[in-house]
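Engineer: Quick one: the structure is below, and I'll ask about it shortly.
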8 protein chains.
Amino acid sequence: MNAFEDHGFVKLDVGREERTGHPEVVFGQGKTAEQVAVIVSRLIEVHGRALVTRASVEMAERVKESYPEATYDEQSRLIRYGQAARKLPGKIAVLTGGTSDIPVAEEAIGTAEWMGCDIDRIFDVGVAGIDRLLAQKERIREASVVIGVAGMEGALISVVGGLVRRPVIAVPTSVGYGANLQGITTLLAMMTSCAAGVTVVNIDNGFGAGYQAAMILQLVAEAT
Amino acid sequence: MNAFEDHGFVKLDVGREERTGHPEVVFGQGKTAEQVAVIVSRLIEVHGRALVTRASVEMAERVKESYPEATYDEQSRLIRYGQAARKLPGKIAVLTGGTSDIPVAEEAIGTAEWMGCDIDRIFDVGVAGIDRLLAQKERIREASVVIGVAGMEGALISVVGGLVRRPVIAVPTSVGYGANLQGITTLLAMMTSCAAGVTVVNIDNGFGAGYQAAMILQLVAEAT
Amino acid sequence: MNAFEDHGFVKLDVGREERTGHPEVVFGQGKTAEQVAVIVSRLIEVHGRALVTRASVEMAERVKESYPEATYDEQSRLIRYGQAARKLPGKIAVLTGGTSDIPVAEEAIGTAEWMGCDIDRIFDVGVAGIDRLLAQKERIREASVVIGVAGMEGALISVVGGLVRRPVIAVPTSVGYGANLQGITTLLAMMTSCAAGVTVVNIDNGFGAGYQAAMILQLVAEAT
Amino acid sequence: MNAFEDHGFVKLDVGREERTGHPEVVFGQGKTAEQVAVIVSRLIEVHGRALVTRASVEMAERVKESYPEATYDEQSRLIRYGQAARKLPGKIAVLTGGTSDIPVAEEAIGTAEWMGCDIDRIFDVGVAGIDRLLAQKERIREASVVIGVAGMEGALISVVGGLVRRPVIAVPTSVGYGANLQGITTLLAMMTSCAAGVTVVNIDNGFGAGYQAAMILQLVAEAT
Amino acid sequence: MNAFEDHGFVKLDVGREERTGHPEVVFGQGKTAEQVAVIVSRLIEVHGRALVTRASVEMAERVKESYPEATYDEQSRLIRYGQAARKLPGKIAVLTGGTSDIPVAEEAIGTAEWMGCDIDRIFDVGVAGIDRLLAQKERIREASVVIGVAGMEGALISVVGGLVRRPVIAVPTSVGYGANLQGITTLLAMMTSCAAGVTVVNIDNGFGAGYQAAMILQLVAEAT
Amino acid sequence: MNAFEDHGFVKLDVGREERTGHPEVVFGQGKTAEQVAVIVSRLIEVHGRALVTRASVEMAERVKESYPEATYDEQSRLIRYGQAARKLPGKIAVLTGGTSDIPVAEEAIGTAEWMGCDIDRIFDVGVAGIDRLLAQKERIREASVVIGVAGMEGALISVVGGLVRRPVIAVPTSVGYGANLQGITTLLAMMTSCAAGVTVVNIDNGFGAGYQAAMILQLVAEAT
Amino acid sequence: MNAFEDHGFVKLDVGREERTGHPEVVFGQGKTAEQVAVIVSRLIEVHGRALVTRASVEMAERVKESYPEATYDEQSRLIRYGQAARKLPGKIAVLTGGTSDIPVAEEAIGTAEWMGCDIDRIFDVGVAGIDRLLAQKERIREASVVIGVAGMEGALISVVGGLVRRPVIAVPTSVGYGANLQGITTLLAMMTSCAAGVTVVNIDNGFGAGYQAAMILQLVAEAT
Amino acid sequence: MNAFEDHGFVKLDVGREERTGHPEVVFGQGKTAEQVAVIVSRLIEVHGRALVTRASVEMAERVKESYPEATYDEQSRLIRYGQAARKLPGKIAVLTGGTSDIPVAEEAIGTAEWMGCDIDRIFDVGVAGIDRLLAQKERIREASVVIGVAGMEGALISVVGGLVRRPVIAVPTSVGYGANLQGITTLLAMMTSCAAGVTVVNIDNGFGAGYQAAMILQLVAEAT
């Protein structure tokens, strides 16, 4: 049996759900709306659900022509159709350093929800006003996994990393200017964080963080 | 009650085990052997165990004067004393791209073992001979968490990321030369990997990967 | 005899076909449509064929006014007129990691075809779904030269490099975001690849890869 | 009257004390012990005091031959002779993120003391154990100026910047590895900090921070 | 009592004035006009004044709907409402290297004025015509704090740093091209300046410099 | 007597002609058309001539309202009015690697002409067709100063540097893509050129090269 | 049948000769002499020949204990044992820009010879004295493949690329200083070369160039 | 007649004196003492003089065995033998920012003297004590060419560039630390200097500056 389908411009990895627990997710950027519509259509036929990241309004409209129940969220730029059959246990706390980091956080949230996770949103708790963060300490400590989304110097991650007994996933954002270098400084700073137990994904990659968090909860679900 | 003790040059975070499940781990680099000995001594008194990373032979000798049962491994540069009281469930597969990545892998392994984890070593499975990796597919897929340690372009991670239904943690190493930029290229390449569900730690940071993997298994242990 | 013609803003290297086997190729970017039209016109008079890379629609229209048989392909941004007199032996396999890499691949293909080569297109075989690539193993191994076009971390190249007994030319693309650094990460990662027998061209430089592949087949043609 | 003296290899800025309140400070690195000795000797004759930064043991020994009361501190690498005539008001709190940042902190301290300042040392209060820092909140808030010395991601600065009503000067250190880029990441991260009221000096430049802090207290002294 | 208010997308740090002497300042960039209006409105209710940096015309219009006395300055892109109750002592000299640096200088000025400071504008005194700067020597030396705003190589700072007995704060601007690297070169050059007593803020961060200068004068006010 | 005039936003360095032989040249970028018009107007009153670089069409129109004889060249983006009183001896050869480098070359040419120099244009002599360059060897060797304008890898400079007994000034241009890094690669490559006697100016800085060449010929004029 | 053998620290890719025409080549750097000896020994048993790159004297001595006929060349740092059974057709011209590039060139030569190729050494033909290169034009044009090894700005490649009808492989070396950035500038400059038909390998990677050249000649051998 | 001699590892460019006015200069770094001795010996036979830059003591000793009159200067690391037949007119002022820049300045001086130039040394005139520089204004203005050698931010160049009617050549040095980036910051800062008429050579490349200065004076000599 072949694990993929060849459509010329794309080879659909239809075996991925079996291998990883979830269908292939479509990275919209750099594709045409037409290409996205073809791929989504076939994914829905095979898996009954689909997710497109970095999607444009135009892509969403094309998809909705065939699948009106598909939803599009302008902030997270996600097209979602369907959902995981199984609800995953526990809860993911998604923190942001500031208001401008919310779109990236919503990409993480939409991804994890589509994969069956519950979310606790804890926004705008950057460390310049440390009491905002400390006041949420208990909520954060109750989460199974913590996603920290922050721009600028990303200091939020280091403080959170030292507070919890759970895995922390850091998402650097491109929020900032000058020495921020479009998020490269944030990424490197999070990498070199003094807190243990923190791993990092690419700049603005809310999807990657949500996906990894869901993978962890999938392990919990399947291990119990 | 104070969560730390003030020793002048160091403020020991003795409350960390309660907060995070594990005592503070000592980063040896940049400290004197004398400083390390003082810190380790106090950690053992409080927690009954200690771990020092990036330790020198001299540090190990100083520690062993007081604690002869402490062990030192030259490859991983870890000083270990004692171990977690609780065995964590599941298994961590630790992969390396090549032979030269093994010291970093051993740092991850020593850390995770000290925290109560079981390990499966799968070394030298870089993608230039893809059969070596594919032959291990089942072993890798049986792990609860996968740690991939690789230098050069780090392609191992992208292939593994697409094979498993478990979280993958990537450790870039500084193995390589020229365009490798002492591991910076590896780090950035892993960040921009086409595989979902992969998070990354700092260059040569085996400790960070082992720690995060143990945190995931601690979640499994406490969720079940 | 002079090997070039002086047109003021340009000195046409009309001796290049004799030296290298092919006429000078025009790099459209940064030139005006007027300049391109003048150059192409003179190249066709001398050599009976011409190729413009990074061409705009406007340039194509100007060229077609005088040479209606000239073709323009929007994806590859090539203007082609005529073709090599001689068909070169063998076949070039052109692989892409994903759908978004196709425009760069088409630049390589258009260039090599214009120089007399046969092409086998093998698109969307990135390593995150390794079966897609392995299923093409025989087709790839039958090629005389392999061109691998990939963005992000470019891992495709390392896997392919270890599979074949033929030269592999890697083209990093600027597909990606954040840590991808507009393709610089891909370029450096391909450079530091663990696979032997791989050489690399500039980011998005499909032309350069197609040209080198044709040079290799020209050698085969002239050596036999 | 000339504001400097010409000694060939050096033009001593003997007018600097009148202009800025303090004699020229000697940057030892890159000078010979002989050159340092000549300069220090002349500075002491003119101003009655001298300070050398980045000094070697050899330089210190040469200076002590003529001025046995000169002191040398191996940690801060400062040679000090004499002191400011006037005691400056207030107190400078000098914080470090970790133990390894102490040598840089001591350079700041030695400089500021030589210029007439009082110091409060608050070491090893990095944010991974945030209670260590919060427990010092009152001591920090009582300072007139705060100097924060930290390596890795430098998050300490952002937390402190939001706690105080006084100027904060950040000193990035080269403590860290890999993505730390010898302190460049720390420097850029501190620059892009989300806390207002923070300014930054060069990597490991304890001297610069101590000097600026003393300039601020000199303003207080002369404004009252 | 809680030091902040939770508005979902933002957690207002209403305790900041008590901690630092000044209300939270709003960083407009990356926020919607709606979000800015909500935040400003609440800040005015609590503190009687507000400041928004990097504000757009649209934000200003939204704010003025409710608070017509608010002012917007297109050059500095500041929205200001109200002012510090207390006038701070002394004067801040704000220098620019050239005409193009003035917008950044005006951000520093508007910030410091809003915090209660007096300003002396000394514009276009770059060192290529050193007499322009030297002619202002006395005015500069009379200031309590000096802010130097410069692009290109930022040499102005090094000259000024050696002239005064007061703290100097450097603001690199993104004025320049090519090797200027959007201000990164200026930032690094100011960092490595040969003048003592100079600290640096982020590229184009007039706000940060104005804020730090006001913090220094607040110290003077409260110390006397 | 004052060497400059204070116009608030600008301090005109009217003493510069006396010091350097030429009036201050106006860098248009980042200034408003109004500011440019005011400055040019005053320069013409004092010196009888003016030059604006990086000028926009709008600036040119504003200047021409008052000085209709002023000229504007769209390629070089120079506004010129008047000319040096004295003709300088010798000739400057201005070479370009390709057609796309011509606008930068014309900035060098317009600057040098305005300062009294004679020019020999030798365009499109990049080394990929080395005969084009070698055919001009005698013309190049007859020049008093050589300006080499090139993008991409800038190899032209190294070849020319080894051919002549005259100073060579290299201008890297931002022509290229990918690994060219907007001209940074060209700049660094020219810096590390294997040819002696070559100095370099900023990316696309035709003005700087033309100015330096004229300074050299001014020396010749005044030394004879 | 298994294509590799598992020796714990290494998984020998013994199927590589069948796949690619040549046995796995050992990258010595980062391995112990003991590890190299074990690997070489097994490679010789399987394939009758072996090649180690970046080998130390100590490694060579260990290998020679068992295989006294193995040779070690200090300049190229290659250990060679045996040779390809088949002689490949044609000739590879290996050029260097300068004398200091010769060790890297010798790594390319030793590799290609071991794989069955004939070499023509053309050293020290950097473009600063262009006649040195042009005098070799015919010899270069007679080669089947050209390898150009150069440091500094690597201009040699661009000139050669335009002279020949054969593939050109560029090897940047780390010869240079300052702006050369340990060869990164050379690498990027070669990438952005104005000559078509040039591909590039990693800095100082003579092995990679030699290997690719042999792959091309292997194609010629097998196509005829 | 051949313009070069082939010695295998080196092709001596014996025609260079005729082309450029001066024999080839030997770059010692990366060559063996043996190689340098052979080259120098042949250069002296042909031209009666020789210059080696970046020479080691060992190289100097080898050269002196055959040519005892050769001199070696440890500071500049130059081996000199003989001198230009013709004395060049005018004088070169060589400035340094600090004492640590002197070795690079001496390389420039030794080179220019060997080529027939007169030098005026003006050391330690960095702008942090601007009076030191201004006091030398007349001496600097009397020079035919000015070479400015400076590390750190290189501000000296911008001030000097605005003072003189002569060409200024800037040499960035690697003096500094941290944000100085081994001189890269200095190089970029000098490139983006606000002063016109300044060109730049590679980091620590005193030779290049001295050579270019001599080329300018050679033009003066031959033009009069």
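Chain lettering (A, B, ...) mirrors the order of the structure tokens, residue numbering begins at 1 for each chain separately, and ligand numbering begins at 1 in order of display.
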Extract, using only C-alpha atoms, all DNA, RNA and protein residues at most 6 Å from stretch 207-224 of chain C, discarding same-chain residues fewer than 5 positions from it, and format them as a ChimeraX atom specification.
Structural biologist: /C:107-108,111-112 /G:166-167,196-197,220,224
Engineer: Pull out every residue of chain D that has at least one atom within 7 Å of chain H, counting only C-alpha atoms, and report them as a PyMOL selection string.
Structural biologist: chain D and resi 3-4+8-11+13+30-31+184+202-203
Engineer: Could those selected residues go to a file with all heavy atoms, as an mmCIF file, in the first residue's frame?
Structural biologist:
```cif
data_model
loop_
_atom_site.group_PDB
_atom_site.id
_atom_site.type_symbol
_atom_site.label_atom_id
_atom_site.label_comp_id
_atom_site.auth_asym_id
_atom_site.auth_seq_id
_atom_site.Cartn_x
_atom_site.Cartn_y
_atom_site.Cartn_z
ATOM 1 N N ALA D 3 45.847 70.934 27.208
ATOM 2 C CA ALA D 3 45.057 70.004 28.009
ATOM 3 C C ALA D 3 45.628 68.595 27.976
ATOM 4 O O ALA D 3 45.053 67.694 28.533
ATOM 5 C CB ALA D 3 43.618 70.003 27.508
ATOM 6 N N PHE D 4 46.761 68.423 27.286
ATOM 7 C CA PHE D 4 47.329 67.069 27.231
ATOM 8 C C PHE D 4 48.854 67.143 27.140
ATOM 9 O O PHE D 4 49.417 68.193 26.813
ATOM 10 C CB PHE D 4 46.782 66.303 26.038
ATOM 11 C CG PHE D 4 47.119 66.945 24.734
ATOM 12 C CD1 PHE D 4 48.295 66.613 24.064
ATOM 13 C CD2 PHE D 4 46.292 67.917 24.182
ATOM 14 C CE1 PHE D 4 48.617 67.230 22.882
ATOM 15 C CE2 PHE D 4 46.628 68.529 22.997
ATOM 16 C CZ PHE D 4 47.772 68.192 22.342
ATOM 17 N N GLY D 8 54.752 60.748 22.889
ATOM 18 C CA GLY D 8 55.061 59.917 21.715
ATOM 19 C C GLY D 8 54.010 58.863 21.481
ATOM 20 O O GLY D 8 53.064 59.074 20.733
ATOM 21 N N PHE D 9 54.138 57.743 22.159
ATOM 22 C CA PHE D 9 53.176 56.659 21.946
ATOM 23 C C PHE D 9 51.829 56.968 22.600
ATOM 24 O O PHE D 9 50.848 56.294 22.366
ATOM 25 C CB PHE D 9 53.729 55.333 22.497
ATOM 26 C CG PHE D 9 53.824 55.278 24.001
ATOM 27 C CD1 PHE D 9 52.762 54.794 24.760
ATOM 28 C CD2 PHE D 9 54.959 55.724 24.651
ATOM 29 C CE1 PHE D 9 52.840 54.744 26.146
ATOM 30 C CE2 PHE D 9 55.046 55.684 26.043
ATOM 31 C CZ PHE D 9 53.993 55.195 26.796
ATOM 32 N N VAL D 10 51.803 57.994 23.441
ATOM 33 C CA VAL D 10 50.546 58.345 24.102
ATOM 34 C C VAL D 10 50.494 59.859 24.300
ATOM 35 O O VAL D 10 51.525 60.498 24.497
ATOM 36 C CB VAL D 10 50.427 57.606 25.462
ATOM 37 C CG1 VAL D 10 51.442 58.134 26.462
ATOM 38 C CG2 VAL D 10 49.016 57.720 26.030
ATOM 39 N N LYS D 11 49.291 60.411 24.162
ATOM 40 C CA LYS D 11 49.095 61.824 24.467
ATOM 41 C C LYS D 11 48.188 61.887 25.681
ATOM 42 O O LYS D 11 46.983 61.697 25.575
ATOM 43 C CB LYS D 11 48.459 62.548 23.276
ATOM 44 C CG LYS D 11 49.389 62.594 22.065
ATOM 45 C CD LYS D 11 48.928 63.535 20.999
ATOM 46 C CE LYS D 11 50.007 63.648 19.929
ATOM 47 N NZ LYS D 11 50.656 62.372 19.538
ATOM 48 N N ASP D 13 45.747 62.859 28.402
ATOM 49 C CA ASP D 13 44.672 63.853 28.453
ATOM 50 C C ASP D 13 44.579 64.407 29.873
ATOM 51 O O ASP D 13 43.619 64.148 30.597
ATOM 52 C CB ASP D 13 43.375 63.122 28.039
ATOM 53 C CG ASP D 13 42.205 64.069 27.898
ATOM 54 O OD1 ASP D 13 42.374 65.293 28.066
ATOM 55 O OD2 ASP D 13 41.098 63.568 27.636
ATOM 56 N N GLY D 30 46.168 45.433 25.284
ATOM 57 C CA GLY D 30 46.822 45.888 24.061
ATOM 58 C C GLY D 30 47.998 46.810 24.328
ATOM 59 O O GLY D 30 48.666 47.237 23.395
ATOM 60 N N LYS D 31 48.230 47.165 25.588
ATOM 61 C CA LYS D 31 49.402 47.983 25.905
ATOM 62 C C LYS D 31 50.457 47.083 26.546
ATOM 63 O O LYS D 31 50.158 46.060 27.137
ATOM 64 C CB LYS D 31 49.022 49.115 26.863
ATOM 65 C CG LYS D 31 48.044 50.123 26.290
ATOM 66 C CD LYS D 31 48.030 51.437 27.074
ATOM 67 C CE LYS D 31 47.112 52.453 26.399
ATOM 68 N NZ LYS D 31 45.676 52.089 26.481
ATOM 69 N N ILE D 184 26.863 38.498 22.482
ATOM 70 C CA ILE D 184 26.140 39.345 21.521
ATOM 71 C C ILE D 184 24.631 39.167 21.710
ATOM 72 O O ILE D 184 23.868 40.137 21.670
ATOM 73 C CB ILE D 184 26.550 38.993 20.078
ATOM 74 C CG1 ILE D 184 27.994 39.388 19.813
ATOM 75 C CG2 ILE D 184 25.620 39.653 19.064
ATOM 76 C CD1 ILE D 184 28.237 40.865 19.786
ATOM 77 N N ASN D 202 28.722 47.936 26.728
ATOM 78 C CA ASN D 202 29.330 46.855 25.950
ATOM 79 C C ASN D 202 29.443 45.565 26.786
ATOM 80 O O ASN D 202 29.414 45.597 28.008
ATOM 81 C CB ASN D 202 30.724 47.293 25.472
ATOM 82 C CG ASN D 202 31.274 46.435 24.342
ATOM 83 O OD1 ASN D 202 30.619 45.517 23.856
ATOM 84 N ND2 ASN D 202 32.492 46.741 23.919
ATOM 85 N N ILE D 203 29.597 44.456 26.101
ATOM 86 C CA ILE D 203 29.748 43.144 26.729
ATOM 87 C C ILE D 203 30.932 43.136 27.700
ATOM 88 O O ILE D 203 32.028 43.572 27.338
ATOM 89 C CB ILE D 203 29.967 42.074 25.632
ATOM 90 C CG1 ILE D 203 28.759 42.040 24.694
ATOM 91 C CG2 ILE D 203 30.230 40.708 26.233
ATOM 92 C CD1 ILE D 203 29.032 41.320 23.380
#
```
Engineer: Which residues are close to F:Arg49, i.e. within 8 Å by only C-alpha atoms, leaving aside same-chain residues fewer than 6 positions away? Reply as a PDB file with C-alpha atoms, in the first residue's frame.
Structural biologist:
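Now in out-v2.pdb:
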```
ATOM      1  CA  PRO F  23      31.111  73.180  -0.333  1.00  0.00           C
ATOM      2  CA  LEU F  43      24.613  77.016  -0.324  1.00  0.00           C
ATOM      3  CA  ARG F  80      23.600  69.742  -9.624  1.00  0.00           C
ATOM      4  CA  TYR F  81      23.944  73.514  -9.725  1.00  0.00           C
ATOM      5  CA  GLY F  82      27.081  75.248 -10.878  1.00  0.00           C
ATOM      6  CA  GLN F  83      30.488  73.677 -10.962  1.00  0.00           C
ATOM      7  CA  ALA F  84      33.991  73.983  -9.529  1.00  0.00           C
TER       8      ALA F  84
END
```
Engineer: Just asking: which residues within stretch 56-193 of chain C are helix (DSSP H, G or I) according to DSSP, as number ranges by chain?
Structural biologist: C: 57-66, 99-114, 127-134, 137-142, 155-161, 178-191
Engineer: Write to file, as a compact mmCIF listing (two decimals), in the first residue's frame, the residues of the selection just made, with C-alpha atoms.
Structural biologist:
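Final output, selection35.txt:
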```txt
# COMPACT_ATOMS: atom_id res chain seq x y z
CA VAL C 57 6.26 40.44 -18.23
CA GLU C 58 7.15 43.83 -19.66
CA MET C 59 10.50 42.55 -20.91
CA ALA C 60 8.81 39.57 -22.50
CA GLU C 61 6.38 41.80 -24.31
CA ARG C 62 9.15 43.99 -25.66
CA VAL C 63 11.05 40.96 -26.92
CA LYS C 64 7.98 39.41 -28.51
CA GLU C 65 7.35 42.56 -30.54
CA SER C 66 10.36 41.64 -32.67
CA THR C 99 5.26 22.73 -3.77
CA SER C 100 6.58 26.23 -3.08
CA ASP C 101 10.00 25.33 -4.49
CA ILE C 102 8.59 24.62 -7.95
CA PRO C 103 9.19 28.06 -9.52
CA VAL C 104 12.92 27.79 -8.80
CA ALA C 105 12.93 24.23 -10.13
CA GLU C 106 11.28 25.43 -13.32
CA GLU C 107 14.06 27.99 -13.83
CA ALA C 108 16.57 25.14 -13.68
CA ILE C 109 14.47 23.06 -16.06
CA GLY C 110 13.91 25.81 -18.61
CA THR C 111 17.60 26.60 -18.63
CA ALA C 112 18.70 23.00 -19.09
CA GLU C 113 16.10 22.33 -21.79
CA TRP C 114 17.23 25.40 -23.71
CA VAL C 127 11.91 14.23 3.87
CA ALA C 128 9.18 14.85 6.46
CA GLY C 129 7.33 12.06 4.66
CA ILE C 130 10.38 10.00 3.72
CA ASP C 131 8.34 7.37 1.86
CA ARG C 132 7.54 9.90 -0.83
CA LEU C 133 11.24 10.20 -1.56
CA LEU C 134 12.13 6.52 -1.20
CA LYS C 137 14.58 6.02 -5.51
CA GLU C 138 14.89 4.13 -8.78
CA ARG C 139 13.82 7.08 -10.92
CA ILE C 140 16.36 9.26 -9.16
CA ARG C 141 19.11 6.70 -9.50
CA GLU C 142 18.53 6.49 -13.24
CA ALA C 155 17.44 18.02 4.36
CA LEU C 156 16.34 16.48 1.07
CA ILE C 157 19.83 16.99 -0.29
CA SER C 158 21.60 15.00 2.38
CA VAL C 159 19.35 12.01 1.90
CA VAL C 160 19.62 12.09 -1.88
CA GLY C 161 23.38 12.62 -1.78
CA GLY C 178 12.11 33.34 10.73
CA ALA C 179 15.23 31.30 11.37
CA ASN C 180 15.33 30.53 7.65
CA LEU C 181 16.81 33.99 7.09
CA GLN C 182 15.54 34.28 3.49
CA GLY C 183 17.33 31.14 2.48
CA ILE C 184 20.70 31.85 4.07
CA THR C 185 20.11 29.06 6.59
CA THR C 186 19.20 26.68 3.79
CA LEU C 187 22.31 27.63 1.86
CA LEU C 188 24.62 27.14 4.83
CA ALA C 189 22.90 23.89 5.83
CA MET C 190 23.33 22.45 2.34
CA MET C 191 27.00 23.51 2.43
```
Engineer: If we count only C-alpha atoms, what is near B:Ala55 at a cut-off of 7 Å, once residues fewer than 2 positions away on the same chain are taken out, given as a ChimeraX atom specification?
Structural biologist: /B:28-29,52-53,57,59-60,77-79
Engineer: Output N, CA, C and O atoms for every residue in the selection just made, as a compact mmCIF listing (two decimals), in the first residue's frame.
Structural biologist:
```txt
# COMPACT_ATOMS: atom_id res chain seq x y z
N GLY B 28 28.61 23.92 35.61
CA GLY B 28 29.97 24.02 36.12
C GLY B 28 30.80 25.11 35.47
O GLY B 28 31.60 25.78 36.13
N GLN B 29 30.61 25.30 34.17
CA GLN B 29 31.44 26.22 33.40
C GLN B 29 31.47 27.63 34.02
O GLN B 29 30.41 28.18 34.32
N VAL B 52 26.09 17.98 38.27
CA VAL B 52 26.86 19.11 37.76
C VAL B 52 27.11 18.88 36.27
O VAL B 52 27.59 17.81 35.89
N THR B 53 26.80 19.86 35.44
CA THR B 53 27.08 19.75 34.00
C THR B 53 28.33 20.56 33.67
O THR B 53 28.73 21.42 34.41
N VAL B 57 37.57 17.75 35.34
CA VAL B 57 38.14 16.69 36.18
C VAL B 57 38.44 17.24 37.57
O VAL B 57 38.17 16.60 38.59
N MET B 59 37.01 19.64 39.21
CA MET B 59 35.77 19.75 40.00
C MET B 59 35.36 18.38 40.56
O MET B 59 34.98 18.25 41.72
N ALA B 60 35.44 17.37 39.69
CA ALA B 60 35.03 16.03 40.10
C ALA B 60 35.88 15.56 41.27
O ALA B 60 35.37 14.99 42.24
N ARG B 77 30.97 14.85 30.68
CA ARG B 77 31.40 15.88 31.63
C ARG B 77 30.38 16.13 32.74
O ARG B 77 30.27 17.24 33.26
N LEU B 78 29.66 15.08 33.13
CA LEU B 78 28.69 15.18 34.23
C LEU B 78 29.28 14.61 35.52
O LEU B 78 29.90 13.55 35.50
N ILE B 79 29.05 15.30 36.64
CA ILE B 79 29.24 14.73 37.97
C ILE B 79 27.85 14.35 38.47
O ILE B 79 26.96 15.20 38.49
```
Engineer: One number please: atom CA of C:Val46 to atom CA of C:Glu17, in Å, one decimal.
Structural biologist: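 Computing the Euclidean distance for atom CA of C:Val46 and atom CA of C:Glu17 yields 9.9 Å.
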Engineer: Run DSSP on the backbone and grab whatever in stretch 81-206 of chain D lands in strand (DSSP E or B); send it over as an MDAnalysis selection string.
Structural biologist: chainID D and resid 81 92:96 119:122 145:150 168:172 198:200
Engineer: Just checking: using only C-alpha atoms, which residue out of F:Val145, F:Met152, F:Val14, F:Cys117 ends up closest to F:Val198?
Structural biologist: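 Counting only C-alpha atoms, the residue closest to F:Val198 is F:Val145.
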